[in-house]
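Engineer: Have a look at the structure that comes next, please.
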Amino acid sequence: MPSTELLDWKKKGNFLNGDHRLFYLDINPTSEKVILIFHGYPTCSYDYYDVVDQLSEEFRVIIPDFLGFGLSAKPAGHNYLLTDQADLMVLLLKSLNIKSLNIIAHDYGTSVFTEILARSEKGIMPFAIRHATLCNGSMLIHLSQLRPIQRLLKNPITGPLIALLSNEKTFHRNMKNIWGDPSIYNVDKMKVHWEMLKYDNGKKRLPRLTQYINQRYQNYDRWIGALKSTDIPIDILWAEEDPVAVIEMAYQLEEMIPNNRLTTMKGIGHYPMIEQPGRWSDHVLSGLE
């Protein structure tokens, strides 16, 4: 049976029905100032459980689960291309009649953002991006310090076996290893993340989902090129103790992106919005001001 926490999160959201059901939150929908938030891998919108109230005091906050993640559909045999994820985000924004927005993207979500940005730079998006915040995403994939579990999952031979053998214990071990301060790792809260990952046969989708790493190589020039050419104001908000999306990425992005502001957060690892939600939210809101 699903936990109370999972069911409560589901009640907060809605589903966009198309070829596949897409779960999303839409908080404070009467505000004209919109934030669209993209989550990371292998988690989901629940990453923002502790920050959504603060962010939605002033903004309309929309947080989808990408296809294959969280409470969204997890179809078997799907390729889960990042370009397809971007298509779904555009479809969601059209359905909500969003014409202007800010985007916050973390980890996996930063590559969905760069695909949307590349389209926006060509003038083919039905909305305007006012501002973006990029947080600990390995867009500069050549600098990424991939975890062993990621390498195994994206391998077509070992991936299905590793997904089958994965369990809650290995999930907690791997997540705790990317925390800035493992002593503040919240096991109870992360149990909900594990439940979200497993939901609707989610474990079986991990090998295909993990191919996003290869897609970052394949689309590197297009996506990083968009960052280099854009005039959209971009905040680079980076947790310094991230062992995967290492701090050197933030410094190189600062050199590449024309109109940016770099803020680094000491003592925090890969999931700053979970590890220190208040501190992360303060930085986000400061950038939006």
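By order in the structure tokens, chains are A, B, ...; within a chain, residues start at 1; ligands start at 1, following the order shown.
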Please report as a tab-separated table every residue of range 135-235 of chain A lying within 12 Å of range 91-110 of chain A, along with the nearest atom pair and their distance in Å (one decimal), using only C-alpha atoms.
Structural biologist:
```
residue	atom	partner	partner_atom	distance
A:Cys135	CA	A:His106	CA	4.7
A:Asn136	CA	A:Asp107	CA	5.5
A:Gly137	CA	A:Asp107	CA	3.6
A:Ser138	CA	A:Asp107	CA	6.4
A:Met139	CA	A:Thr110	CA	6.9
A:Leu140	CA	A:Thr110	CA	10.6
A:Ile141	CA	A:Asp107	CA	11.1
A:Ser144	CA	A:Asp107	CA	11.0
A:Leu209	CA	A:Tyr108	CA	10.0
A:Thr210	CA	A:Tyr108	CA	9.7
A:Gln211	CA	A:Tyr108	CA	11.0
A:Tyr212	CA	A:Tyr108	CA	7.7
A:Ile213	CA	A:Tyr108	CA	8.9
A:Gln215	CA	A:Tyr108	CA	10.9
A:Arg216	CA	A:Tyr108	CA	9.8
A:Trp223	CA	A:Thr110	CA	9.9
A:Ile224	CA	A:Thr110	CA	10.9
A:Leu227	CA	A:Thr110	CA	11.0
A:Ile232	CA	A:Asn102	CA	10.2
A:Pro233	CA	A:Asn102	CA	10.0
A:Ile234	CA	A:Ile103	CA	9.5
A:Asp235	CA	A:Ile104	CA	9.2
```
Engineer: Output N, CA and C atoms for every residue in that selection, as a PDB file, in the first residue's frame.
Structural biologist:
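Result saved to out39.pdb:
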```
ATOM      1  N   CYS A 135      21.196  24.565 -10.970  1.00  0.00           N
ATOM      2  CA  CYS A 135      21.705  24.073  -9.684  1.00  0.00           C
ATOM      3  C   CYS A 135      22.266  22.656  -9.838  1.00  0.00           C
ATOM      4  N   ASN A 136      23.560  22.521  -9.681  1.00  0.00           N
ATOM      5  CA  ASN A 136      24.228  21.221  -9.586  1.00  0.00           C
ATOM      6  C   ASN A 136      23.734  20.202 -10.612  1.00  0.00           C
ATOM      7  N   GLY A 137      23.927  20.565 -11.874  1.00  0.00           N
ATOM      8  CA  GLY A 137      23.611  19.648 -12.961  1.00  0.00           C
ATOM      9  C   GLY A 137      24.827  19.458 -13.849  1.00  0.00           C
ATOM     10  N   SER A 138      25.117  18.229 -14.219  1.00  0.00           N
ATOM     11  CA  SER A 138      26.334  17.910 -14.971  1.00  0.00           C
ATOM     12  C   SER A 138      26.160  18.163 -16.460  1.00  0.00           C
ATOM     13  N   MET A 139      25.784  19.388 -16.793  1.00  0.00           N
ATOM     14  CA  MET A 139      25.687  19.770 -18.206  1.00  0.00           C
ATOM     15  C   MET A 139      27.045  19.658 -18.882  1.00  0.00           C
ATOM     16  N   LEU A 140      28.107  20.015 -18.156  1.00  0.00           N
ATOM     17  CA  LEU A 140      29.475  19.836 -18.660  1.00  0.00           C
ATOM     18  C   LEU A 140      29.876  18.403 -18.343  1.00  0.00           C
ATOM     19  N   ILE A 141      29.332  17.485 -19.127  1.00  0.00           N
ATOM     20  CA  ILE A 141      29.360  16.068 -18.787  1.00  0.00           C
ATOM     21  C   ILE A 141      30.778  15.513 -18.710  1.00  0.00           C
ATOM     22  N   SER A 144      31.896  15.504 -15.153  1.00  0.00           N
ATOM     23  CA  SER A 144      31.078  14.807 -14.170  1.00  0.00           C
ATOM     24  C   SER A 144      31.817  13.620 -13.556  1.00  0.00           C
ATOM     25  N   LEU A 209      16.256   5.291 -18.263  1.00  0.00           N
ATOM     26  CA  LEU A 209      16.342   6.660 -17.772  1.00  0.00           C
ATOM     27  C   LEU A 209      17.788   7.127 -17.668  1.00  0.00           C
ATOM     28  N   THR A 210      18.674   6.217 -17.301  1.00  0.00           N
ATOM     29  CA  THR A 210      20.075   6.580 -17.087  1.00  0.00           C
ATOM     30  C   THR A 210      20.803   6.879 -18.396  1.00  0.00           C
ATOM     31  N   GLN A 211      20.167   6.599 -19.525  1.00  0.00           N
ATOM     32  CA  GLN A 211      20.776   6.946 -20.813  1.00  0.00           C
ATOM     33  C   GLN A 211      20.856   8.463 -21.023  1.00  0.00           C
ATOM     34  N   TYR A 212      20.263   9.240 -20.105  1.00  0.00           N
ATOM     35  CA  TYR A 212      20.392  10.701 -20.208  1.00  0.00           C
ATOM     36  C   TYR A 212      21.865  11.114 -20.201  1.00  0.00           C
ATOM     37  N   ILE A 213      22.710  10.307 -19.585  1.00  0.00           N
ATOM     38  CA  ILE A 213      24.146  10.629 -19.537  1.00  0.00           C
ATOM     39  C   ILE A 213      24.724  10.637 -20.950  1.00  0.00           C
ATOM     40  N   GLN A 215      23.038  11.013 -23.677  1.00  0.00           N
ATOM     41  CA  GLN A 215      22.388  12.094 -24.426  1.00  0.00           C
ATOM     42  C   GLN A 215      23.074  13.435 -24.181  1.00  0.00           C
ATOM     43  N   ARG A 216      23.656  13.617 -23.020  1.00  0.00           N
ATOM     44  CA  ARG A 216      24.395  14.860 -22.749  1.00  0.00           C
ATOM     45  C   ARG A 216      25.636  14.969 -23.632  1.00  0.00           C
ATOM     46  N   TRP A 223      23.298  22.100 -26.689  1.00  0.00           N
ATOM     47  CA  TRP A 223      22.839  22.567 -25.385  1.00  0.00           C
ATOM     48  C   TRP A 223      23.795  23.573 -24.742  1.00  0.00           C
ATOM     49  N   ILE A 224      25.078  23.292 -24.797  1.00  0.00           N
ATOM     50  CA  ILE A 224      26.036  24.245 -24.222  1.00  0.00           C
ATOM     51  C   ILE A 224      26.140  25.480 -25.114  1.00  0.00           C
ATOM     52  N   LEU A 227      23.578  27.928 -23.983  1.00  0.00           N
ATOM     53  CA  LEU A 227      23.994  28.650 -22.776  1.00  0.00           C
ATOM     54  C   LEU A 227      24.975  29.773 -23.118  1.00  0.00           C
ATOM     55  N   ILE A 232      19.371  35.624 -21.631  1.00  0.00           N
ATOM     56  CA  ILE A 232      18.504  35.451 -20.464  1.00  0.00           C
ATOM     57  C   ILE A 232      19.361  35.494 -19.199  1.00  0.00           C
ATOM     58  N   PRO A 233      18.969  36.241 -18.183  1.00  0.00           N
ATOM     59  CA  PRO A 233      19.728  36.239 -16.921  1.00  0.00           C
ATOM     60  C   PRO A 233      19.693  34.847 -16.286  1.00  0.00           C
ATOM     61  N   ILE A 234      20.860  34.350 -15.907  1.00  0.00           N
ATOM     62  CA  ILE A 234      20.961  33.005 -15.332  1.00  0.00           C
ATOM     63  C   ILE A 234      21.735  33.057 -14.026  1.00  0.00           C
ATOM     64  N   ASP A 235      21.116  32.505 -12.987  1.00  0.00           N
ATOM     65  CA  ASP A 235      21.806  32.297 -11.721  1.00  0.00           C
ATOM     66  C   ASP A 235      22.423  30.899 -11.731  1.00  0.00           C
TER      67      ASP A 235
END
```
Engineer: Go through range 42-117 of chain A and collect every residue that DSSP, computed from the backbone, puts in strand (DSSP E or B); the answer should be as a PyMOL selection string.
Structural biologist: chain A and resi 60-64+100-106
Engineer: Can you pull out every residue within 7 Å of Lys228 in chain A, counting only C-alpha atoms, but drop anything in the same chain fewer than 4 positions away, and send it as a ChimeraX atom specification?
Structural biologist: /A:224,256-258
Engineer: I'd like the interatomic distance between CA of Ser45 in chain A and CA of Val187 in chain A, to a tenth of an Å.
Structural biologist: 17.8 Å
Engineer: Residues of range 14-187 of chain A classed as alpha helix (DSSP H) by DSSP on the backbone are to be reported as a compact mmCIF listing (two decimals) with N, CA and C atoms, in the first residue's frame.
Structural biologist:
```txt
# COMPACT_ATOMS: atom_id res chain seq x y z
N VAL A 52 8.49 24.34 -1.17
CA VAL A 52 7.39 24.81 -2.01
C VAL A 52 6.56 25.88 -1.31
N ASP A 53 6.38 25.77 0.01
CA ASP A 53 5.58 26.77 0.72
C ASP A 53 6.24 28.14 0.68
N GLN A 54 7.55 28.17 0.91
CA GLN A 54 8.26 29.45 0.90
C GLN A 54 8.25 30.07 -0.49
N LEU A 55 8.49 29.27 -1.52
CA LEU A 55 8.54 29.80 -2.87
C LEU A 55 7.18 30.28 -3.35
N LEU A 82 15.64 13.14 -23.46
CA LEU A 82 15.52 14.46 -22.84
C LEU A 82 14.75 15.42 -23.75
N THR A 83 14.89 15.25 -25.05
CA THR A 83 14.12 16.08 -25.98
C THR A 83 12.62 15.82 -25.85
N ASP A 84 12.25 14.56 -25.60
CA ASP A 84 10.84 14.23 -25.37
C ASP A 84 10.34 14.83 -24.05
N GLN A 85 11.21 14.81 -23.04
CA GLN A 85 10.84 15.44 -21.77
C GLN A 85 10.56 16.92 -21.98
N ALA A 86 11.38 17.57 -22.80
CA ALA A 86 11.15 18.99 -23.10
C ALA A 86 9.81 19.18 -23.81
N ASP A 87 9.48 18.28 -24.74
CA ASP A 87 8.19 18.36 -25.43
C ASP A 87 7.04 18.34 -24.42
N LEU A 88 7.16 17.46 -23.43
CA LEU A 88 6.10 17.34 -22.43
C LEU A 88 5.99 18.59 -21.57
N MET A 89 7.12 19.21 -21.27
CA MET A 89 7.10 20.44 -20.49
C MET A 89 6.41 21.57 -21.27
N VAL A 90 6.68 21.63 -22.55
CA VAL A 90 6.03 22.64 -23.40
C VAL A 90 4.53 22.37 -23.45
N LEU A 91 4.15 21.12 -23.58
CA LEU A 91 2.73 20.75 -23.60
C LEU A 91 2.05 21.13 -22.29
N LEU A 92 2.72 20.90 -21.18
CA LEU A 92 2.16 21.26 -19.87
C LEU A 92 1.95 22.76 -19.77
N LEU A 93 2.95 23.55 -20.17
CA LEU A 93 2.84 25.00 -20.09
C LEU A 93 1.73 25.52 -21.00
N LYS A 94 1.59 24.93 -22.16
CA LYS A 94 0.49 25.33 -23.06
C LYS A 94 -0.85 25.04 -22.40
N SER A 95 -0.97 23.88 -21.77
CA SER A 95 -2.24 23.50 -21.15
C SER A 95 -2.61 24.45 -20.01
N TYR A 108 19.43 16.34 -13.54
CA TYR A 108 18.81 15.88 -14.80
C TYR A 108 18.02 17.01 -15.46
N GLY A 109 17.31 17.78 -14.65
CA GLY A 109 16.46 18.84 -15.16
C GLY A 109 17.21 19.95 -15.87
N THR A 110 18.50 20.12 -15.60
CA THR A 110 19.25 21.18 -16.28
C THR A 110 19.37 20.89 -17.78
N SER A 111 19.39 19.62 -18.15
CA SER A 111 19.48 19.28 -19.58
C SER A 111 18.13 19.42 -20.28
N VAL A 112 17.04 19.20 -19.56
CA VAL A 112 15.73 19.52 -20.13
C VAL A 112 15.65 21.03 -20.35
N PHE A 113 16.17 21.78 -19.39
CA PHE A 113 16.19 23.24 -19.55
C PHE A 113 17.01 23.67 -20.76
N THR A 114 18.20 23.11 -20.94
CA THR A 114 19.04 23.55 -22.07
C THR A 114 18.42 23.20 -23.41
N GLU A 115 17.66 22.10 -23.47
CA GLU A 115 16.93 21.80 -24.70
C GLU A 115 15.85 22.86 -24.95
N ILE A 116 15.12 23.22 -23.92
CA ILE A 116 14.11 24.27 -24.06
C ILE A 116 14.76 25.60 -24.41
N LEU A 117 15.91 25.87 -23.80
CA LEU A 117 16.63 27.11 -24.09
C LEU A 117 17.08 27.15 -25.55
N ALA A 118 17.58 26.03 -26.06
CA ALA A 118 18.03 25.99 -27.46
C ALA A 118 16.87 26.29 -28.41
N ARG A 119 15.70 25.80 -28.10
CA ARG A 119 14.52 26.10 -28.91
C ARG A 119 14.12 27.58 -28.76
N SER A 120 14.19 28.06 -27.53
CA SER A 120 13.83 29.46 -27.27
C SER A 120 14.75 30.41 -28.02
N GLU A 121 16.04 30.05 -28.11
CA GLU A 121 17.00 30.91 -28.81
C GLU A 121 16.67 31.00 -30.30
N PRO A 148 29.53 4.88 -9.40
CA PRO A 148 29.55 3.53 -9.98
C PRO A 148 28.16 3.02 -10.36
N ILE A 149 27.15 3.33 -9.55
CA ILE A 149 25.80 2.86 -9.84
C ILE A 149 25.29 3.44 -11.15
N GLN A 150 25.67 4.70 -11.46
CA GLN A 150 25.25 5.30 -12.72
C GLN A 150 25.90 4.61 -13.92
N ARG A 151 27.18 4.31 -13.79
CA ARG A 151 27.90 3.63 -14.87
C ARG A 151 27.31 2.24 -15.14
N LEU A 152 26.97 1.55 -14.06
CA LEU A 152 26.41 0.21 -14.21
C LEU A 152 25.01 0.25 -14.81
N LEU A 153 24.19 1.23 -14.38
CA LEU A 153 22.82 1.30 -14.87
C LEU A 153 22.73 1.69 -16.34
N LYS A 154 23.66 2.53 -16.79
CA LYS A 154 23.57 2.95 -18.20
C LYS A 154 24.19 1.93 -19.15
N GLY A 159 22.89 -2.97 -16.78
CA GLY A 159 21.81 -2.10 -16.30
C GLY A 159 20.58 -2.83 -15.79
N PRO A 160 19.97 -3.72 -16.59
CA PRO A 160 18.77 -4.41 -16.11
C PRO A 160 18.99 -5.23 -14.85
N LEU A 161 20.17 -5.87 -14.74
CA LEU A 161 20.46 -6.68 -13.55
C LEU A 161 20.61 -5.80 -12.32
N ILE A 162 21.33 -4.68 -12.45
CA ILE A 162 21.53 -3.78 -11.32
C ILE A 162 20.20 -3.19 -10.87
N ALA A 163 19.33 -2.84 -11.83
CA ALA A 163 18.01 -2.31 -11.49
C ALA A 163 17.20 -3.36 -10.72
N LEU A 164 17.28 -4.60 -11.15
CA LEU A 164 16.55 -5.68 -10.50
C LEU A 164 17.04 -5.90 -9.07
N LEU A 165 18.36 -5.81 -8.88
CA LEU A 165 18.95 -6.09 -7.56
C LEU A 165 18.90 -4.90 -6.61
N GLU A 168 16.14 -0.82 -1.11
CA GLU A 168 16.13 0.40 -0.30
C GLU A 168 17.46 0.65 0.40
N LYS A 169 18.12 -0.42 0.82
CA LYS A 169 19.41 -0.26 1.51
C LYS A 169 20.45 0.36 0.59
N THR A 170 20.55 -0.15 -0.65
CA THR A 170 21.53 0.40 -1.59
C THR A 170 21.15 1.82 -2.00
N PHE A 171 19.85 2.10 -2.09
CA PHE A 171 19.41 3.46 -2.41
C PHE A 171 19.89 4.44 -1.35
N HIS A 172 19.67 4.11 -0.09
CA HIS A 172 20.08 5.02 0.99
C HIS A 172 21.60 5.17 1.03
N ARG A 173 22.32 4.09 0.79
CA ARG A 173 23.77 4.18 0.80
C ARG A 173 24.27 5.12 -0.29
N ASN A 174 23.74 4.95 -1.49
CA ASN A 174 24.17 5.80 -2.60
C ASN A 174 23.79 7.26 -2.41
N MET A 175 22.60 7.51 -1.89
CA MET A 175 22.17 8.88 -1.67
C MET A 175 22.97 9.54 -0.55
N LYS A 176 23.20 8.80 0.50
CA LYS A 176 23.95 9.35 1.64
C LYS A 176 25.37 9.73 1.23
N VAL A 187 16.64 9.72 6.94
CA VAL A 187 16.24 8.40 6.42
C VAL A 187 14.74 8.34 6.19
```
Engineer: Tell me which protein, DNA and RNA residues are within 9 Å of Glu275 in chain A, counting only C-alpha atoms, leaving out same-chain ones fewer than 6 positions away, and put them as a PyMOL selection string.
Structural biologist: chain A and resi 179-181+184-186+268-269
